[in-house]
Structures are given as C-alpha cells and as structure tokens.
file model.pdb (PDB, C-alpha atoms and all ligand atoms)
MODEL        1
ATOM      1  CA  MET A 860     -82.796 258.239  18.678
ATOM      2  CA  GLN A 861     -82.039 254.572  18.091
ATOM      3  CA  LEU A 862     -79.157 252.754  19.708
ATOM      4  CA  LEU A 863     -76.900 250.761  17.360
ATOM      5  CA  ASP A 864     -76.524 247.671  19.519
ATOM      6  CA  GLY A 865     -73.087 246.099  19.065
ATOM      7  CA  LYS A 866     -73.916 243.277  21.431
ATOM      8  CA  LEU A 867     -77.031 242.205  19.538
ATOM      9  CA  VAL A 868     -75.457 242.479  16.082
ATOM     10  CA  SER A 869     -72.150 240.871  17.044
ATOM     11  CA  GLU A 870     -73.861 237.900  18.752
ATOM     12  CA  LYS A 871     -75.981 237.309  15.661
ATOM     13  CA  ILE A 872     -73.029 237.419  13.257
ATOM     14  CA  LYS A 873     -70.917 235.289  15.605
ATOM     15  CA  LYS A 874     -73.480 232.489  15.306
ATOM     16  CA  ASP A 875     -73.176 232.595  11.504
ATOM     17  CA  ILE A 876     -69.374 232.542  11.755
ATOM     18  CA  ALA A 877     -69.494 229.570  14.161
ATOM     19  CA  ASN A 878     -71.712 227.641  11.717
ATOM     20  CA  GLU A 879     -69.330 228.374   8.853
ATOM     21  CA  ALA A 880     -66.330 227.362  10.978
ATOM     22  CA  ALA A 881     -68.071 224.050  11.769
ATOM     23  CA  ASP A 882     -68.660 223.447   8.032
ATOM     24  CA  PHE A 883     -65.014 224.306   7.359
ATOM     25  CA  LEU A 884     -63.903 221.761   9.970
ATOM     26  CA  MET A 885     -66.163 219.101   8.417
ATOM     27  CA  THR A 886     -64.835 219.594   4.909
ATOM     28  CA  THR A 887     -61.143 220.228   5.637
ATOM     29  CA  GLY A 888     -60.552 218.450   8.964
ATOM     30  CA  ARG A 889     -59.089 221.581  10.533
ATOM     31  CA  LYS A 890     -60.168 224.864  12.120
ATOM     32  CA  PRO A 891     -59.447 228.387  10.876
ATOM     33  CA  HIS A 892     -56.317 229.529  12.757
ATOM     34  CA  LEU A 893     -55.423 233.045  13.907
ATOM     35  CA  VAL A 894     -52.012 233.916  15.360
ATOM     36  CA  ALA A 895     -51.619 237.171  17.306
ATOM     37  CA  ILE A 896     -48.210 238.495  18.314
ATOM     38  CA  LEU A 897     -48.146 240.696  21.398
ATOM     39  CA  VAL A 898     -44.992 242.619  22.304
ATOM     40  CA  GLY A 899     -44.654 244.030  25.828
ATOM     41  CA  HIS A 900     -47.363 244.645  28.409
ATOM     42  CA  ASP A 901     -49.515 247.564  27.220
ATOM     43  CA  GLY A 902     -52.701 247.288  29.304
ATOM     44  CA  GLY A 903     -55.105 247.949  26.432
ATOM     45  CA  SER A 904     -53.285 245.547  24.097
ATOM     46  CA  GLU A 905     -53.325 242.777  26.723
ATOM     47  CA  THR A 906     -57.106 243.145  27.013
ATOM     48  CA  TYR A 907     -57.722 243.280  23.252
ATOM     49  CA  VAL A 908     -55.545 240.267  22.425
ATOM     50  CA  ALA A 909     -57.120 238.215  25.232
ATOM     51  CA  SER A 910     -60.540 239.123  23.834
ATOM     52  CA  LYS A 911     -59.503 238.150  20.293
ATOM     53  CA  MET A 912     -58.256 234.756  21.523
ATOM     54  CA  ARG A 913     -61.425 234.164  23.576
ATOM     55  CA  ASN A 914     -63.702 235.058  20.662
ATOM     56  CA  CYS A 915     -61.785 232.728  18.323
ATOM     57  CA  GLN A 916     -62.388 229.871  20.724
ATOM     58  CA  GLN A 917     -66.083 230.763  21.015
ATOM     59  CA  VAL A 918     -66.634 230.430  17.253
ATOM     60  CA  GLY A 919     -64.515 227.278  16.843
ATOM     61  CA  PHE A 920     -61.260 228.750  15.527
ATOM     62  CA  ASP A 921     -57.777 227.804  16.671
ATOM     63  CA  SER A 922     -55.912 230.744  18.121
ATOM     64  CA  THR A 923     -52.323 231.203  19.212
ATOM     65  CA  ASN A 924     -50.914 234.111  21.171
ATOM     66  CA  ILE A 925     -47.160 234.576  20.794
ATOM     67  CA  ARG A 926     -45.702 236.942  23.385
ATOM     68  CA  TYR A 927     -42.410 238.819  23.513
ATOM     69  CA  GLU A 928     -40.915 241.181  26.054
ATOM     70  CA  ASP A 929     -40.463 244.734  24.791
ATOM     71  CA  ASP A 930     -36.707 244.276  24.367
ATOM     72  CA  ILE A 931     -37.185 242.098  21.262
ATOM     73  CA  THR A 932     -35.408 243.651  18.264
ATOM     74  CA  GLU A 933     -37.174 244.576  15.033
ATOM     75  CA  GLU A 934     -35.054 242.000  13.217
ATOM     76  CA  GLN A 935     -36.017 239.205  15.613
ATOM     77  CA  LEU A 936     -39.693 240.090  15.297
ATOM     78  CA  ILE A 937     -39.552 240.227  11.500
ATOM     79  CA  ASN A 938     -37.686 236.907  11.341
ATOM     80  CA  LYS A 939     -40.479 235.318  13.381
ATOM     81  CA  ILE A 940     -43.107 236.846  11.061
ATOM     82  CA  ARG A 941     -41.287 235.414   8.016
ATOM     83  CA  GLU A 942     -41.320 231.980   9.655
ATOM     84  CA  LEU A 943     -45.063 232.240  10.405
ATOM     85  CA  ASN A 944     -45.764 233.435   6.841
ATOM     86  CA  GLN A 945     -44.466 230.057   5.607
ATOM     87  CA  ASP A 946     -46.544 228.010   8.064
ATOM     88  CA  GLU A 947     -49.499 226.531   6.186
ATOM     89  CA  THR A 948     -51.385 225.758   9.409
ATOM     90  CA  ILE A 949     -51.814 229.519   9.986
ATOM     91  CA  ASP A 950     -54.544 231.462   8.142
ATOM     92  CA  GLY A 951     -54.392 234.878   9.787
ATOM     93  CA  LEU A 952     -51.418 236.671  11.352
ATOM     94  CA  ILE A 953     -51.643 239.936  13.284
ATOM     95  CA  VAL A 954     -49.194 241.960  15.341
ATOM     96  CA  GLN A 955     -50.957 243.966  18.026
ATOM     97  CA  LEU A 956     -50.209 247.696  17.905
ATOM     98  CA  PRO A 957     -48.753 249.873  19.355
ATOM     99  CA  LEU A 958     -45.217 248.453  19.277
ATOM    100  CA  PRO A 959     -42.301 249.677  21.411
ATOM    101  CA  LYS A 960     -40.626 252.834  20.031
ATOM    102  CA  HIS A 961     -37.516 251.063  18.682
ATOM    103  CA  ILE A 962     -39.641 248.947  16.299
ATOM    104  CA  ASP A 963     -40.969 250.546  13.110
ATOM    105  CA  PRO A 964     -44.607 249.433  12.679
ATOM    106  CA  GLU A 965     -44.379 250.025   8.911
ATOM    107  CA  ASN A 966     -41.557 247.486   8.546
ATOM    108  CA  VAL A 967     -43.477 244.978  10.646
ATOM    109  CA  THR A 968     -46.726 245.499   8.719
ATOM    110  CA  GLU A 969     -45.006 245.035   5.371
ATOM    111  CA  ALA A 970     -43.264 241.862   6.582
ATOM    112  CA  ILE A 971     -46.608 240.082   7.055
ATOM    113  CA  ASP A 972     -47.735 238.049   4.019
ATOM    114  CA  TYR A 973     -50.613 240.157   2.664
ATOM    115  CA  LYS A 974     -52.580 236.927   2.141
ATOM    116  CA  LYS A 975     -52.527 236.387   5.926
ATOM    117  CA  ASP A 976     -52.927 240.088   6.822
ATOM    118  CA  VAL A 977     -56.370 239.786   8.429
ATOM    119  CA  ASP A 978     -55.860 243.238  10.016
ATOM    120  CA  GLY A 979     -55.873 244.669   6.481
ATOM    121  CA  PHE A 980     -52.947 246.990   7.288
ATOM    122  CA  HIS A 981     -50.545 245.828   4.551
ATOM    123  CA  PRO A 982     -50.134 248.318   1.658
ATOM    124  CA  VAL A 983     -51.383 245.658  -0.803
ATOM    125  CA  ASN A 984     -54.675 245.337   1.079
ATOM    126  CA  LEU A 985     -54.920 249.100   1.551
ATOM    127  CA  GLY A 986     -54.404 249.710  -2.178
ATOM    128  CA  ARG A 987     -56.841 246.993  -3.183
ATOM    129  CA  MET A 988     -59.444 248.396  -0.766
ATOM    130  CA  GLN A 989     -59.133 251.823  -2.371
ATOM    131  CA  ARG A 990     -59.736 250.214  -5.790
ATOM    132  CA  ASN A 991     -62.709 248.200  -4.480
ATOM    133  CA  LEU A 992     -60.939 244.899  -5.207
ATOM    134  CA  PRO A 993     -61.191 241.798  -2.974
ATOM    135  CA  CYS A 994     -59.012 242.415   0.104
ATOM    136  CA  PHE A 995     -58.930 242.269   3.882
ATOM    137  CA  ILE A 996     -60.625 245.383   5.295
ATOM    138  CA  PRO A 997     -59.309 246.655   8.669
ATOM    139  CA  ALA A 998     -61.410 245.160  11.440
ATOM    140  CA  THR A 999     -62.891 248.299  13.005
ATOM    141  CA  PRO A1000     -64.051 249.971   9.770
ATOM    142  CA  TYR A1001     -65.312 246.562   8.590
ATOM    143  CA  GLY A1002     -67.278 246.137  11.816
ATOM    144  CA  ILE A1003     -68.813 249.593  11.398
ATOM    145  CA  LEU A1004     -69.925 248.745   7.848
ATOM    146  CA  LEU A1005     -71.480 245.487   9.091
ATOM    147  CA  MET A1006     -73.309 247.396  11.827
ATOM    148  CA  MET A1007     -74.750 249.857   9.286
ATOM    149  CA  GLU A1008     -75.706 246.984   6.983
ATOM    150  CA  HIS A1009     -77.548 245.253   9.818
ATOM    151  CA  TYR A1010     -79.636 248.369  10.540
ATOM    152  CA  LYS A1011     -80.171 248.923   6.789
ATOM    153  CA  ILE A1012     -78.760 252.427   6.978
ATOM    154  CA  ASN A1013     -78.487 253.763   3.433
ATOM    155  CA  THR A1014     -75.506 256.103   3.427
ATOM    156  CA  SER A1015     -75.709 257.032  -0.270
ATOM    157  CA  GLY A1016     -75.308 260.785  -0.762
ATOM    158  CA  MET A1017     -74.611 261.487   2.898
ATOM    159  CA  HIS A1018     -71.946 263.877   4.036
ATOM    160  CA  ALA A1019     -69.685 261.797   6.287
ATOM    161  CA  VAL A1020     -67.194 263.495   8.557
ATOM    162  CA  VAL A1021     -64.443 261.275   9.930
ATOM    163  CA  VAL A1022     -62.637 262.694  12.956
ATOM    164  CA  GLY A1023     -59.119 261.242  13.229
ATOM    165  CA  ARG A1024     -56.834 259.966  10.451
ATOM    166  CA  SER A1025     -55.202 256.900  12.021
ATOM    167  CA  ASN A1026     -54.060 254.012   9.810
ATOM    168  CA  ILE A1027     -56.256 251.702  11.867
ATOM    169  CA  VAL A1028     -59.605 253.528  11.700
ATOM    170  CA  GLY A1029     -59.946 257.077  10.344
ATOM    171  CA  SER A1030     -57.968 256.772   7.146
ATOM    172  CA  PRO A1031     -59.436 253.432   5.935
ATOM    173  CA  MET A1032     -62.928 254.503   7.061
ATOM    174  CA  SER A1033     -62.720 257.606   4.860
ATOM    175  CA  ILE A1034     -61.732 255.457   1.860
ATOM    176  CA  LEU A1035     -64.529 252.926   2.468
ATOM    177  CA  LEU A1036     -67.273 255.533   2.852
ATOM    178  CA  ALA A1037     -66.233 257.251  -0.382
ATOM    179  CA  ARG A1038     -66.345 254.031  -2.464
ATOM    180  CA  ASN A1039     -69.178 253.239  -4.842
ATOM    181  CA  THR A1040     -70.649 250.618  -2.484
ATOM    182  CA  GLN A1041     -73.423 250.276   0.076
ATOM    183  CA  PRO A1042     -72.593 251.345   2.760
ATOM    184  CA  GLY A1043     -70.582 254.008   0.958
ATOM    185  CA  ASN A1044     -71.261 256.635  -1.698
ATOM    186  CA  CYS A1045     -70.723 259.362   0.880
ATOM    187  CA  THR A1046     -69.123 262.732   0.380
ATOM    188  CA  VAL A1047     -66.287 262.379   2.869
ATOM    189  CA  THR A1048     -64.416 264.936   4.938
ATOM    190  CA  LEU A1049     -61.403 263.561   6.835
ATOM    191  CA  THR A1050     -60.548 265.825   9.773
ATOM    192  CA  HIS A1051     -57.530 265.747  12.118
ATOM    193  CA  SER A1052     -55.534 267.740  14.640
ATOM    194  CA  LYS A1053     -54.650 270.479  12.105
ATOM    195  CA  THR A1054     -58.247 270.974  10.914
ATOM    196  CA  LYS A1055     -59.065 274.681  11.249
ATOM    197  CA  ASP A1056     -62.638 274.716  12.511
ATOM    198  CA  LEU A1057     -63.552 271.234  13.624
ATOM    199  CA  GLN A1058     -66.939 272.188  15.052
ATOM    200  CA  GLU A1059     -67.971 273.759  11.749
ATOM    201  CA  GLU A1060     -66.901 270.644   9.829
ATOM    202  CA  VAL A1061     -68.640 268.171  12.154
ATOM    203  CA  LEU A1062     -71.828 270.266  12.197
ATOM    204  CA  ARG A1063     -72.147 269.606   8.436
ATOM    205  CA  ALA A1064     -72.139 265.822   8.919
ATOM    206  CA  ASP A1065     -75.050 263.461   8.293
ATOM    207  CA  LEU A1066     -72.720 260.723   9.533
ATOM    208  CA  VAL A1067     -70.023 261.303  12.150
ATOM    209  CA  ILE A1068     -67.225 258.775  12.735
ATOM    210  CA  ALA A1069     -65.438 259.752  15.960
ATOM    211  CA  ALA A1070     -61.994 258.112  16.099
ATOM    212  CA  ILE A1071     -59.691 260.546  17.879
ATOM    213  CA  GLY A1072     -58.976 258.688  21.098
ATOM    214  CA  LYS A1073     -60.067 261.532  23.418
ATOM    215  CA  LYS A1074     -62.712 260.997  26.083
ATOM    216  CA  ASN A1075     -66.051 262.763  25.398
ATOM    217  CA  PHE A1076     -64.424 264.952  22.707
ATOM    218  CA  ILE A1077     -67.496 265.277  20.454
ATOM    219  CA  THR A1078     -70.172 267.274  22.267
ATOM    220  CA  GLY A1079     -73.814 268.062  21.477
ATOM    221  CA  ASP A1080     -73.029 271.564  20.149
ATOM    222  CA  MET A1081     -70.839 269.981  17.430
ATOM    223  CA  VAL A1082     -73.510 267.671  15.987
ATOM    224  CA  LYS A1083     -76.344 268.396  13.555
ATOM    225  CA  GLU A1084     -79.906 267.418  14.495
ATOM    226  CA  GLY A1085     -80.631 263.900  13.119
ATOM    227  CA  ALA A1086     -77.018 262.896  12.486
ATOM    228  CA  ILE A1087     -75.823 259.282  12.733
ATOM    229  CA  VAL A1088     -73.000 259.078  15.271
ATOM    230  CA  ILE A1089     -70.478 256.227  15.372
ATOM    231  CA  ASP A1090     -68.219 256.300  18.437
ATOM    232  CA  VAL A1091     -64.943 254.421  17.954
ATOM    233  CA  GLY A1092     -63.346 255.629  21.198
ATOM    234  CA  ILE A1093     -62.151 253.140  23.803
ATOM    235  CA  ASN A1094     -60.597 255.431  26.412
ATOM    236  CA  ARG A1095     -59.707 253.463  29.537
ATOM    237  CA  GLU A1096     -59.608 255.080  32.957
ATOM    238  CA  VAL A1097     -58.862 253.444  36.276
ATOM    239  CA  SER A1098     -62.035 253.019  38.312
ATOM    240  CA  THR A1099     -62.814 251.555  41.713
ATOM    241  CA  LYS A1100     -66.446 250.993  40.687
ATOM    242  CA  THR A1101     -66.003 248.266  38.054
ATOM    243  CA  LYS A1102     -64.960 244.618  38.353
ATOM    244  CA  SER A1103     -62.141 245.011  35.803
ATOM    245  CA  GLY A1104     -60.749 248.068  37.613
ATOM    246  CA  TYR A1105     -61.289 250.194  34.486
ATOM    247  CA  LYS A1106     -64.098 252.220  33.026
ATOM    248  CA  LEU A1107     -64.396 252.829  29.262
ATOM    249  CA  TYR A1108     -65.285 256.201  27.772
ATOM    250  CA  GLY A1109     -66.084 256.928  24.141
ATOM    251  CA  ASP A1110     -64.877 259.830  22.017
ATOM    252  CA  VAL A1111     -68.484 261.063  22.055
ATOM    253  CA  ASP A1112     -70.164 262.767  25.006
ATOM    254  CA  PHE A1113     -73.187 260.471  24.873
ATOM    255  CA  GLN A1114     -75.352 262.544  27.198
ATOM    256  CA  SER A1115     -75.316 265.687  25.074
ATOM    257  CA  VAL A1116     -75.029 264.013  21.639
ATOM    258  CA  ALA A1117     -77.594 261.169  21.898
ATOM    259  CA  PRO A1118     -80.682 263.449  22.062
ATOM    260  CA  LYS A1119     -79.666 265.101  18.761
ATOM    261  CA  SER A1120     -78.756 261.930  16.858
ATOM    262  CA  SER A1121     -80.940 259.590  14.775
ATOM    263  CA  TYR A1122     -78.675 256.592  15.487
ATOM    264  CA  ILE A1123     -75.790 256.338  17.941
ATOM    265  CA  THR A1124     -73.392 253.619  19.141
ATOM    266  CA  PRO A1125     -72.868 253.252  22.904
ATOM    267  CA  VAL A1126     -69.477 252.731  24.615
ATOM    268  CA  PRO A1127     -69.099 250.024  25.735
ATOM    269  CA  GLY A1128     -71.423 247.785  23.700
ATOM    270  CA  GLY A1129     -70.988 249.401  20.293
ATOM    271  CA  VAL A1130     -68.102 249.463  17.831
ATOM    272  CA  GLY A1131     -65.646 247.548  20.063
ATOM    273  CA  LEU A1132     -67.673 244.343  19.804
ATOM    274  CA  MET A1133     -68.010 244.798  16.035
ATOM    275  CA  THR A1134     -64.233 245.094  15.608
ATOM    276  CA  ILE A1135     -63.902 241.506  16.795
ATOM    277  CA  ILE A1136     -66.478 240.470  14.177
ATOM    278  CA  GLY A1137     -64.437 242.142  11.430
ATOM    279  CA  LEU A1138     -61.360 240.203  12.514
ATOM    280  CA  LEU A1139     -63.218 236.872  12.764
ATOM    281  CA  LYS A1140     -64.769 237.337   9.317
ATOM    282  CA  ASN A1141     -61.389 238.148   7.789
ATOM    283  CA  THR A1142     -59.814 235.091   9.437
ATOM    284  CA  LEU A1143     -62.581 232.815   8.151
ATOM    285  CA  ALA A1144     -62.244 234.308   4.650
ATOM    286  CA  ALA A1145     -58.465 233.729   4.803
ATOM    287  CA  ALA A1146     -58.965 230.080   5.802
ATOM    288  CA  LYS A1147     -61.500 229.568   3.017
ATOM    289  CA  LYS A1148     -59.228 231.382   0.570
ATOM    290  CA  GLU A1149     -62.135 233.627  -0.407
ATOM    291  CA  VAL A1150     -59.980 236.729  -0.858
ATOM    292  CA  TYR A1151     -56.710 235.271  -2.170
ATOM    293  CA  SER A1152     -56.174 231.748  -3.504
TER     294      SER A1152
HETATM  295  N1  LIG A1201     -54.374 248.228  17.982
HETATM  296  C1  LIG A1201     -55.565 248.873  18.021
HETATM  297  N2  LIG A1201     -56.430 248.323  17.151
HETATM  298  C2  LIG A1201     -55.781 247.329  16.537
HETATM  299  C3  LIG A1201     -56.154 246.389  15.526
HETATM  300  O1  LIG A1201     -57.268 246.384  14.988
HETATM  301  N3  LIG A1201     -55.187 245.501  15.171
HETATM  302  C4  LIG A1201     -53.950 245.499  15.705
HETATM  303  N4  LIG A1201     -53.078 244.593  15.280
HETATM  304  N5  LIG A1201     -53.568 246.354  16.638
HETATM  305  C5  LIG A1201     -54.489 247.254  17.050
ENDMDL
END

call {"tool": "encode", "arguments": {"input": "model.pdb", "output": "structure tokens", "more": "lines below"}}
Ligand code: GUN
result
Amino acid sequence: MQLLDGKLVSEKIKKDIANEAADFLMTTGRKPHLVAILVGHDGGSETYVASKMRNCQQVGFDSTNIRYEDDITEEQLINKIRELNQDETIDGLIVQLPLPKHIDPENVTEAIDYKKDVDGFHPVNLGRMQRNLPCFIPATPYGILLMMEHYKINTSGMHAVVVGRSNIVGSPMSILLARNTQPGNCTVTLTHSKTKDLQEEVLRADLVIAAIGKKNFITGDMVKEGAIVIDVGINREVSTKTKSGYKLYGDVDFQSVAPKSSYITPVPGGVGLMTIIGLLKNTLAAAKKEVYS
C-alpha cells in the first residue's frame, strides 16, 4: 500500500505556480486575480474560502472575498456577478456552494462568464470537457488527475467506480475518467443513492472514487484487493481534541480499506489539498488566457 501524499504533491505544484505567477507579474505588471463570493455563514464554506484566499496569497495571486448575508436575493447576487464579469482586473470568479435555499445555484452558475468560470461548473465548460476541448475542469477532479499524474498511475483499461454523482465531483470525474486521455481511458461506472447493489459494484473496481459525503462509508469488505482508492470526503465533526475544534473524516474507512489497496489518499492530507491546486491552476490559466482568448 502506498499513500498518495496530497501535501507533498500540492507543495511541489504550488512552487511551479508561484514561479509562473512571478513571470506573469514581470511581463504584465499585474497578478492573477481570483474573486470568491461567499453567501451566509456555512462553517465548511467559511473554512474553504479562507483557505482559497490564503493559498492565492502564498503563490502571488491577488484574491478578493466578497461576502453577503444569506438574505441577499438571487437577483442581487446575479447583478453583482454581471458587474464582476465586466471587470477586466478579475481573471477568475467563483461563488462558493452551497447557497441558501431561495437561490437557484443553476441560475447563479450560468450567470458567471464561462471565461472566468475557474470552478468549471458552467454548462459551456462542462460540455467542452465532455468533448475533450480546452476548458476549465472542476477543481477537485482536476486535482485528482494531477495526483495520479504525479504518481504515474496509468489508468488505461481500468474499471473505475465513482460513488456519488454530484455536479462538483462525481459527475465530472466520471466524464474525465472515460475520456481518451491519460489519466483516463477507464471503463466507468457512476453509482449513487439508487444503485441496487453498491458493494457488488465497488468490488469490481480497479479504481474507486469515493465522493458521497458520508463518514467512513466505504469499508474493507467493499473493496477489491489491489484497488486504487481516492477519498474525496471532507466530513467535519466537532472535536475537543483538535486546535480547530473540528476533526475531518473521509468517505473511506481507512483502517479497513488501506490494507487491501495498492494506493490510497489519506484524509486530511489527500484530495482536499489537491482541490486548491486545481483552482490555482485554472486561475493562472485564465489570467494567461490559455483556455479562452
Ligand atoms: N463547494 C464545495 N466544493 C466547491 C468548489 O469546488 N467550488 C465552489 N464554488 N463551491 C464548492
């Protein structure tokens, strides 16, 4: 069993990004700029946005966090997005999810200029990803691909089983792994809450992507000997034992699954750190107009 070390890989890639950001500053006189909109006070979202802002600063990007209380209307939010779309000093624009119930995330996602959609959630980017055209790839799936690239894991011909069909992870991950790319060229099964026999499906997997959002959901009896296991779960529980007051649990029961796996990501220290890398790389590519002119 080998650990896929998100800390090691993310630190290495962050250095490359910082060098490229410095070059960008030299040639253009400005820094890549990410704007993140945060609505309300969801505990997880507060942590993630703070981490995104901190990481931007660490690699020499400008970052702006725009905050609203959760009584903002959908119209007000979309008007602000339209204004930011026009602002040429902004390269990447994201709206942290989830949003309050009275705001439709689809309307918000479609309001963002797809050329600034560094989350890769806009239907234009989603469609272009499916066609293997230049696009912004959602940060978590992108980070997972970069992790597999770093460890030179050849996924060609593997049976990949994705558990969870969210717009943010499971659904785009299934598209990416099925593409004729490396990593990719997998035979993909996308499973979800209505899947009949989940254990039977997961047991067939050479590569498991666990993205259901349930603590320790994937157990050793569900995983084939030698499988690669990618744990996307970030399940927060209050704890008196940690400095932050929270402890993170993955979707994978590490203790029973690790001994059966060939490679496995830990939580924390795995996919979460790579998600940030995906976002930083997209923001840099947006600033350099590498995806769209
Ligand atoms: N909520 C959970 N993950 C994400 C993400 O990658 N981007 C945004 N905007 N919201 C999220």

call {"tool": "residues_around", "arguments": {"input": "model.pdb", "residues": "Lys874 (chain A)", "least_positions_apart": "3", "cutoff": "12 Å", "atoms": "all atoms listed in the file", "output": "PyMOL selection string"}}
result
chain A and resi 867-871+877-881+914+917-919+1136+1139-1140

call {"tool": "residues_near_ligand", "arguments": {"input": "model.pdb", "ligand": "ligand LIG 1201 (chain A)", "cutoff": "10 Å", "atoms": "only C-alpha atoms and all ligand atoms", "output": "PyMOL selection string"}}
result
chain A and resi 895-897+903-904+907-908+911+952-958+968+976-980+997-1000+1026-1028+1093+1131+1134-1135+1137-1138

call {"tool": "closest_residue", "arguments": {"input": "model.pdb", "among": "A:Gly1109, A:Gly865, A:Pro1127, A:Gly1016", "to": "Val1091 (chain A)", "atoms": "only C-alpha atoms"}}
result
A:Gly1109

call {"tool": "axis_aligned_box", "arguments": {"input": "model.pdb", "around": "region 1057-1060 of chain A", "padding_each_side": "8 Å", "output": "JSON"}}
result
{"center_x": -65.8, "center_y": 272.2, "center_z": 12.4, "size_x": 20.4, "size_y": 19.1, "size_z": 21.2}

call {"tool": "closest_residue", "arguments": {"input": "model.pdb", "among": "A:Lys1106, A:Lys866, A:Lys974, A:Arg889", "to": "Val1150 (chain A)", "atoms": "all atoms listed in the file"}}
result
A:Lys974
